[in-house]
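Student: If you scroll down you'll find the structure; I have some questions about it.
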There are 2 protein chains.
Amino acid sequence: MNKFNGALGMPPTKTAETREKPTLKTIAQLSGLAVPTVSRALNDAPDIGQKTKEKVRRIASEIGYVPNRAGVRLRTGRTNVISLVMSTHHDVMNHTSRLISSVASGLRDTGFHLIVTPFFPEEDALKPVRYIVETGSADAVILNQIEPEDPRVAYLRERRFPFATHGRTVWCDQHAYYDYDNQAFARIAGAKMAAIGRKRLVVIAPPRSHNYAKHMIAGFREAAEVAGTELRVLDNVTSDSTSAEVKATVARLLQDDPGIDAIACASTSSAMAAVAGLEAVGRKLGVDIDLCAKEAIPFLTLFRPDIIAVSEKVDAAGEFLARAAIQAIRDPSAAPLQQLEVPTDT
Amino acid sequence: MNKFNGALGMPPTKTAETREKPTLKTIAQLSGLAVPTVSRALNDAPDIGQKTKEKVRRIASEIGYVPNRAGVRLRTGRTNVISLVMSTHHDVMNHTSRLISSVASGLRDTGFHLIVTPFFPEEDALKPVRYIVETGSADAVILNQIEPEDPRVAYLRERRFPFATHGRTVWCDQHAYYDYDNQAFARIAGAKMAAIGRKRLVVIAPPRSHNYAKHMIAGFREAAEVAGTELRVLDNVTSDSTSAEVKATVARLLQDDPGIDAIACASTSSAMAAVAGLEAVGRKLGVDIDLCAKEAIPFLTLFRPDIIAVSEKVDAAGEFLARAAIQAIRDPSAAPLQQLEVPTDT
DNA sequence: CCATTTTTCTAAATCGTTATAGATCAGCCT
DNA sequence: AGGCTGATCTATAACGATTTAGAAAAATGG
């Protein structure tokens with residue numbers, strides 16, 4: 001159509017004034033080269049001359065060429081998309097949103113887009129993952145809320161589909177992951193409680209289905225053994241229970257057994273609820289009882305300075321997972337990127 | 001590569017055992033029809049016979065045909081993607097994550113994917129929007145943190161690119177939006193404070209650049225006039241200031257002017273920080289001072305039962321915006337979907 | 001019964017990209 | 001000079017879908 005599309009007034013040939021999106025064809029016409037040559041030049045193929053490459057690259061950047069994603073995807077199957085699969089169940093003090101933000105940051109200037117694929121409480125957690133793999137709608141997947149033998153991970157491994165997890169599975173030496181060392185956290189927290197003289201610790205742990213619950217409980221047990229303190233892990237509430245449940249449970253517990261002098265919480269929200277519960281029955285935080293928790297947001301200590309908080313840097317997770325996912329895509333046979341963040345005791 | 005990979009050795013015909021992703025071609029072969037006929041049948045074109053349509057649809061669902069997104073996108077330009085453009089600035093008590101979740105819910109079973117496009121504090125807010133429009137990487141955009149004359153909205157309107165906003169602009173009668181009626185909230189909150197005898201109210205408002213700050217302040221003014229109370233809007237802190245800043249400012253303020261007996265906060269996090277501040281200087285919430293705030297998460301009242309909370313249903317926003325965006329795509333000339341959520345006074 | 005319309009389907013082209021195989025030309029060897 | 005090699009580039013086809021124009025079959029009309 002547009003043989004000639006320079007400057008002057010033109011018959012209704014698709015000309016430049018339309019500001020059509022530049023394609024390889026545009027560059028080909030401008031440079032007098034063939035389309036495949038332009039493509040190979042931009043991809044730095046070995047069989048293209050140096051001068052040609054430079055010329056093509058110059059033109060490309062001058063006219064602001066950006067490869068058409070649909071074209072690339074159709075031809076190569078590469079989507080340049082990473083999918084974050086997340087539950088819509090909102091853990092109040094939302095980690096998930098920061099994970100999204102930080103994955104997005106990690107993807108900045110990489111050419112990858114981030115698509116968020118939700119799954120819903122009532123449906124199979126495998127469904128979104130299967131959808132992505134079967135329709136090829138992403139090049140890699142990032143998962144959180146990992147179970148020890150997470151079926152999604154099993155599925156992805158079997159298909160050799162690139163992925164990275166926020167949390168560890170039992171096979172985690174085999175795949176990319178980022179995790180917070182909850183066992184270390186629990187050891188530190190338990191030791192701190194013991195250090196200030198607390199003897200009877202109650203733990204509000206994560207749901208047992210999540211792998212990190214095991215780590216955390218193990219850590220508390222270690223600390224309890226070392227310090228010779230009593231340890232009780234509640235099994236009727238978890239750090240994902242509603243605030244009302246946690247509050248009520250803590251209140252009831254302290255009334256039944258006033259000798260309890262320490263509480264440990266696995267989440268910011270359960271910590272706040274637990275504080276509400278203990279205060280509701282007249283206990284005084286930092287006086288006749290202490291509470292420790294993981295602090296994902298600098299909030300707890302502001303709220304109640306007496307809370308003993310151990311910080312968790314959530315933002316690091318997303319950026320790391322983004323890198324790990326890209327690595328898994330680009331170099332599937334390389335050793336997967338793995339990181340365990342150890343909390344600092346201070 | 002995998003010429004023969006089913007069970008028996010096979011000549012290099014691409015046969016069904018490969019479990020190749022079914023395409024229109026697959027259906028065409030199975031039905032003995034031509035590819036375009038299959039396409040038109042699935043799209044319910046008027047020039048295809050009833051029997052044919054049924055046959056095609058039956059086969060399609062039997063073999064689990066799903067249209068290839070890249071193919072559709074390349075040919076039609078339709079991406080079937082909606083992009084949520086969000087700041088990575090984490091407002092602690094994260095609205096954004098719930099917005100993402102709820103938009104995702106709203107997009108369920110619509111065939112649309114949700115991609116999250118971040119923009120970074122140091123760069124132009126217009127950049128991601130321009131990128132999306134210029135590269136055509138989405139069919140519609142959802143924006144939040146809206147300014148009165150938001151340049152992104154101006155840009156999108158000018159290009160006639162479908163979008164919906166979480167918040168109102170000055171042109172909002174012309175475009176799809178969802179907003180919480182902050183003016184009504186402020187009226188209600190202000191009236192409540194007056195009703196319990198508070199005379200001197202200090203407001204920690206949203207940043208003035210956000211449009212809803214104006215609405216909220218106007219609402220407080222109305223309430224103050226009606227009740228004849230004193231009103232002061234702080235201009236050195238906002239509801240987006242850090243918790244430490246809010247806490248310190250509130251503490252200082254109450255020391256300088258102990259007569260202040262009421263505080264209103266525009267966000268959950270600033271409310272908690274303000275409570276910390278007032279308690280730090282020995283004031284007693286619910287006794288010699290009161291505090292009211294918007295409660296996006298059922299948290300405040302748990303934390304401090306004395307806080308006067310007005311709830312905001314954040315989840316409704318996302319689902320509405322998803323619908324609104326789709327409508328803007330499908331029927332650009334129709335009246336845009338708009339909703340103003342009025343808080344209930346209870 | 002042939003011409004004409006309507007219904008239903010097909011062929012070819014296209015979107016932007018890349019893989020494959022082949023073309024062109026220079027330089028070099030014998 | 002003829003043949004070969006290597007360096008560059010081009011032509012063609014393909015990915016999966018849809019649009020356009022046109023063909024074939026069926027229905028209608030006189």
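If you're wondering about the labels, chains in the structure tokens are A, B, ... by order shown, residues count from 1 in each chain, ligands from 1 in order shown.
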Quick one: superpose chain A on chain B on all Cα atoms, same order, and give the RMSD.

Tutor: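 So the superposition leaves a C-alpha RMSD of 1.7 Å.
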
Student: Find the residues near DT28 in chain D: any atom within 10 Å, counting only C-alpha atoms (C1' of nucleotides), skip ones fewer than 6 places away on the same chain, and give them as a ChimeraX atom specification.

Tutor: /C:4-6

Student: Produce a file of the selected residues containing C-alpha atoms (C1' of nucleotides), as a compact mmCIF listing (two decimals), in the first residue's frame.

Tutor:
```
# COMPACT_ATOMS: atom_id res chain seq x y z
C1' DT C 4 -32.18 -14.97 -10.53
C1' DT C 5 -31.78 -14.58 -5.92
C1' DT C 6 -30.57 -16.32 -1.44
```

Student: What are the residues of chain C lining chain A at 9 Å or less? Count only C-alpha atoms (C1' of nucleotides), and put the answer as JSON, numbers by chain.

Tutor: {"C": [15, 16, 17, 18]}

Student: Within 9 Å of chain A, which residues of chain D show up when using only C-alpha atoms (C1' of nucleotides), listed as a list in words?

Tutor: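 Result: DA7, DT8, DC9, DT10, DA14, DC15 and DG16 of chain D.
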
Student: Restrict the selected residues to N, CA and C atoms (P, O5', C5', C4', C3', O3' and C1' of nucleotides) and save them as a CSV table (one decimal), in the first residue's frame.

Tutor:
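Full text of part00.csv as output:
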```csv
chain,number,residue,atom,x,y,z
D,7,DA,P,33.0,-16.5,8.0
D,7,DA,O5',32.3,-15.3,7.3
D,7,DA,C5',33.0,-14.4,6.5
D,7,DA,C4',32.1,-13.4,5.8
D,7,DA,C3',31.0,-12.8,6.7
D,7,DA,O3',30.9,-11.4,6.6
D,7,DA,C1',30.0,-13.8,4.8
D,8,DT,P,30.2,-10.5,7.6
D,8,DT,O5',29.0,-9.9,6.6
D,8,DT,C5',28.1,-10.8,6.1
D,8,DT,C4',27.3,-10.1,5.0
D,8,DT,C3',26.0,-9.6,5.6
D,8,DT,O3',25.6,-8.4,4.9
D,8,DT,C1',25.6,-11.5,4.1
D,9,DC,P,24.4,-7.5,5.4
D,9,DC,O5',23.2,-8.1,4.7
D,9,DC,C5',23.0,-7.8,3.3
D,9,DC,C4',22.2,-8.9,2.6
D,9,DC,C3',20.7,-8.8,3.0
D,9,DC,O3',20.0,-8.1,1.9
D,9,DC,C1',21.5,-11.0,2.7
D,10,DT,P,18.5,-7.9,2.0
D,10,DT,O5',17.8,-9.1,1.2
D,10,DT,C5',18.3,-9.5,0.0
D,10,DT,C4',17.5,-10.6,-0.5
D,10,DT,C3',16.0,-10.5,-0.4
D,10,DT,O3',15.4,-10.9,-1.6
D,10,DT,C1',16.7,-12.5,0.7
D,14,DA,P,4.2,-23.8,4.9
D,14,DA,O5',3.9,-23.4,6.4
D,14,DA,C5',4.9,-23.8,7.4
D,14,DA,C4',4.8,-22.8,8.5
D,14,DA,C3',3.4,-22.6,9.1
D,14,DA,O3',3.3,-23.5,10.3
D,14,DA,C1',4.6,-20.6,9.0
D,15,DC,P,1.9,-23.8,10.9
D,15,DC,O5',1.8,-22.9,12.2
D,15,DC,C5',2.8,-22.9,13.2
D,15,DC,C4',2.6,-21.7,14.0
D,15,DC,C3',1.1,-21.4,14.3
D,15,DC,O3',0.7,-22.0,15.6
D,15,DC,C1',2.3,-19.4,13.7
D,16,DG,P,-0.6,-22.9,15.6
D,16,DG,O5',-1.7,-21.9,15.6
D,16,DG,C5',-2.0,-21.1,16.7
D,16,DG,C4',-3.1,-20.1,16.5
D,16,DG,C3',-4.4,-20.7,16.0
D,16,DG,O3',-5.4,-20.1,16.8
D,16,DG,C1',-3.7,-18.9,14.5
```

Student: Enumerate the residues of range 55-284 of chain B with a DSSP assignment of helix (DSSP H, G or I), computed from the backbone, and present them as a VMD selection string.

Tutor: chain B and resid 55 to 63 69 to 76 95 to 106 126 to 135 151 to 159 172 to 174 182 to 195 211 to 227 243 to 256 268 to 280

Student: Which residues of chain B come within 9 Å of chain A, and for each one, what is the closest pair of atoms and their distance in Å to one decimal, counting only C-alpha atoms, sorted by chain and residue number, as JSON lines?

Tutor:
```
{"residue": "B:Lys21", "atom": "CA", "partner": "A:Glu134", "partner_atom": "CA", "distance": 7.8}
{"residue": "B:Val66", "atom": "CA", "partner": "A:Thr135", "partner_atom": "CA", "distance": 7.6}
{"residue": "B:Pro67", "atom": "CA", "partner": "A:Thr135", "partner_atom": "CA", "distance": 8.9}
{"residue": "B:Asn68", "atom": "CA", "partner": "A:Thr135", "partner_atom": "CA", "distance": 7.6}
{"residue": "B:Arg69", "atom": "CA", "partner": "A:Ala70", "partner_atom": "CA", "distance": 8.1}
{"residue": "B:Ala70", "atom": "CA", "partner": "A:Ala70", "partner_atom": "CA", "distance": 4.8}
{"residue": "B:Gly71", "atom": "CA", "partner": "A:Leu74", "partner_atom": "CA", "distance": 6.2}
{"residue": "B:Val72", "atom": "CA", "partner": "A:Ala70", "partner_atom": "CA", "distance": 8.6}
{"residue": "B:Arg73", "atom": "CA", "partner": "A:Ala70", "partner_atom": "CA", "distance": 6.0}
{"residue": "B:Leu74", "atom": "CA", "partner": "A:Ala70", "partner_atom": "CA", "distance": 5.2}
{"residue": "B:Arg75", "atom": "CA", "partner": "A:Ala70", "partner_atom": "CA", "distance": 8.9}
{"residue": "B:Gly77", "atom": "CA", "partner": "A:Ala70", "partner_atom": "CA", "distance": 8.8}
{"residue": "B:Thr79", "atom": "CA", "partner": "A:Ala70", "partner_atom": "CA", "distance": 8.6}
{"residue": "B:Ser83", "atom": "CA", "partner": "A:Ile115", "partner_atom": "CA", "distance": 8.9}
{"residue": "B:Met86", "atom": "CA", "partner": "A:Ser101", "partner_atom": "CA", "distance": 8.7}
{"residue": "B:Ser87", "atom": "CA", "partner": "A:Ser101", "partner_atom": "CA", "distance": 8.3}
{"residue": "B:Thr88", "atom": "CA", "partner": "A:Ser101", "partner_atom": "CA", "distance": 5.5}
{"residue": "B:His89", "atom": "CA", "partner": "A:Ser101", "partner_atom": "CA", "distance": 8.4}
{"residue": "B:His90", "atom": "CA", "partner": "A:Arg98", "partner_atom": "CA", "distance": 7.1}
{"residue": "B:Val92", "atom": "CA", "partner": "A:Ile297", "partner_atom": "CA", "distance": 7.1}
{"residue": "B:Met93", "atom": "CA", "partner": "A:Met93", "partner_atom": "CA", "distance": 6.8}
{"residue": "B:Asn94", "atom": "CA", "partner": "A:Asn94", "partner_atom": "CA", "distance": 6.4}
{"residue": "B:His95", "atom": "CA", "partner": "A:Ser97", "partner_atom": "CA", "distance": 8.6}
{"residue": "B:Thr96", "atom": "CA", "partner": "A:Ser97", "partner_atom": "CA", "distance": 6.7}
{"residue": "B:Ser97", "atom": "CA", "partner": "A:Ser97", "partner_atom": "CA", "distance": 4.2}
{"residue": "B:Arg98", "atom": "CA", "partner": "A:His90", "partner_atom": "CA", "distance": 7.2}
{"residue": "B:Ile100", "atom": "CA", "partner": "A:Ser97", "partner_atom": "CA", "distance": 8.0}
{"residue": "B:Ser101", "atom": "CA", "partner": "A:Thr88", "partner_atom": "CA", "distance": 5.5}
{"residue": "B:Ser102", "atom": "CA", "partner": "A:Thr88", "partner_atom": "CA", "distance": 7.8}
{"residue": "B:Ala104", "atom": "CA", "partner": "A:Pro118", "partner_atom": "CA", "distance": 6.4}
{"residue": "B:Ser105", "atom": "CA", "partner": "A:Pro118", "partner_atom": "CA", "distance": 7.4}
{"residue": "B:Arg108", "atom": "CA", "partner": "A:Pro118", "partner_atom": "CA", "distance": 8.6}
{"residue": "B:His113", "atom": "CA", "partner": "A:Ile115", "partner_atom": "CA", "distance": 7.1}
{"residue": "B:Leu114", "atom": "CA", "partner": "A:Ile115", "partner_atom": "CA", "distance": 5.7}
{"residue": "B:Ile115", "atom": "CA", "partner": "A:Ile115", "partner_atom": "CA", "distance": 4.2}
{"residue": "B:Val116", "atom": "CA", "partner": "A:Leu114", "partner_atom": "CA", "distance": 5.8}
{"residue": "B:Thr117", "atom": "CA", "partner": "A:Leu114", "partner_atom": "CA", "distance": 7.3}
{"residue": "B:Pro118", "atom": "CA", "partner": "A:Ala104", "partner_atom": "CA", "distance": 6.3}
{"residue": "B:Phe119", "atom": "CA", "partner": "A:Ser105", "partner_atom": "CA", "distance": 8.8}
{"residue": "B:Phe120", "atom": "CA", "partner": "A:Ser105", "partner_atom": "CA", "distance": 8.3}
{"residue": "B:Glu134", "atom": "CA", "partner": "A:Lys21", "partner_atom": "CA", "distance": 7.7}
{"residue": "B:Thr135", "atom": "CA", "partner": "A:Val66", "partner_atom": "CA", "distance": 7.6}
{"residue": "B:Ser137", "atom": "CA", "partner": "A:Arg69", "partner_atom": "CA", "distance": 8.2}
{"residue": "B:Ser243", "atom": "CA", "partner": "A:Leu302", "partner_atom": "CA", "distance": 7.5}
{"residue": "B:Ala244", "atom": "CA", "partner": "A:Leu302", "partner_atom": "CA", "distance": 7.6}
{"residue": "B:Lys247", "atom": "CA", "partner": "A:Leu302", "partner_atom": "CA", "distance": 8.5}
{"residue": "B:Ser269", "atom": "CA", "partner": "A:Phe299", "partner_atom": "CA", "distance": 8.5}
{"residue": "B:Met272", "atom": "CA", "partner": "A:Phe303", "partner_atom": "CA", "distance": 6.6}
{"residue": "B:Ala273", "atom": "CA", "partner": "A:Leu302", "partner_atom": "CA", "distance": 6.9}
{"residue": "B:Val275", "atom": "CA", "partner": "A:Phe303", "partner_atom": "CA", "distance": 8.0}
{"residue": "B:Ala276", "atom": "CA", "partner": "A:Phe303", "partner_atom": "CA", "distance": 5.9}
{"residue": "B:Ile297", "atom": "CA", "partner": "A:Val92", "partner_atom": "CA", "distance": 7.1}
{"residue": "B:Pro298", "atom": "CA", "partner": "A:Ser243", "partner_atom": "CA", "distance": 8.4}
{"residue": "B:Phe299", "atom": "CA", "partner": "A:Ser243", "partner_atom": "CA", "distance": 7.8}
{"residue": "B:Leu302", "atom": "CA", "partner": "A:Ala276", "partner_atom": "CA", "distance": 6.6}
{"residue": "B:Phe303", "atom": "CA", "partner": "A:Ala276", "partner_atom": "CA", "distance": 5.9}
{"residue": "B:Arg304", "atom": "CA", "partner": "A:Ala276", "partner_atom": "CA", "distance": 7.8}
```

Student: Just give me the gap between CA of Ala317 in chain B and CA of Glu122 in chain A in Å, one decimal is fine.

Tutor: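 Interatomic distance here is 21.8 Å.
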
Student: List as a list in words the protein and nucleic acid residues near DC28 in chain C, meaning an atom at most 12 Å away when only C-alpha atoms (C1' of nucleotides) are counted, but skip any in the same chain fewer than 5 places from it.

Tutor: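 The residues that qualify are DG3, DC4, DT5 and DG6 of chain D.
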
Student: Which residues are close to Asn182 in chain B, i.e. within 12 Å by only C-alpha atoms (C1' of nucleotides), leaving aside same-chain residues fewer than 6 positions away? Reply as a VMD selection string.

Tutor: chain B and resid 167 to 168 188 to 190 205 to 206 210 to 220 265 to 267 293 to 294 310 to 312 340 to 344

Student: Expressed in Å to a single decimal, how great is the separation between C1' of DG22 in chain C and CA of Lys51 in chain A?

Tutor: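 Going from C1' of DG22 in chain C over to CA of Lys51 in chain A, I get 23.1 Å.
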
Student: Rounded to one decimal, what separation in Å do you get between CA of Ala334 in chain B and CA of Gln174 in chain B?

Tutor: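 Distance reported for this atom pair: 10.8 Å.
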
Student: Go through range 1-241 of chain B and collect every residue that DSSP, computed from the backbone, puts in strand (DSSP E or B); the answer should be as a PyMOL selection string.

Tutor: chain B and resi 81-87+113-119+140-143+163-166+176-180+200-204+230-233
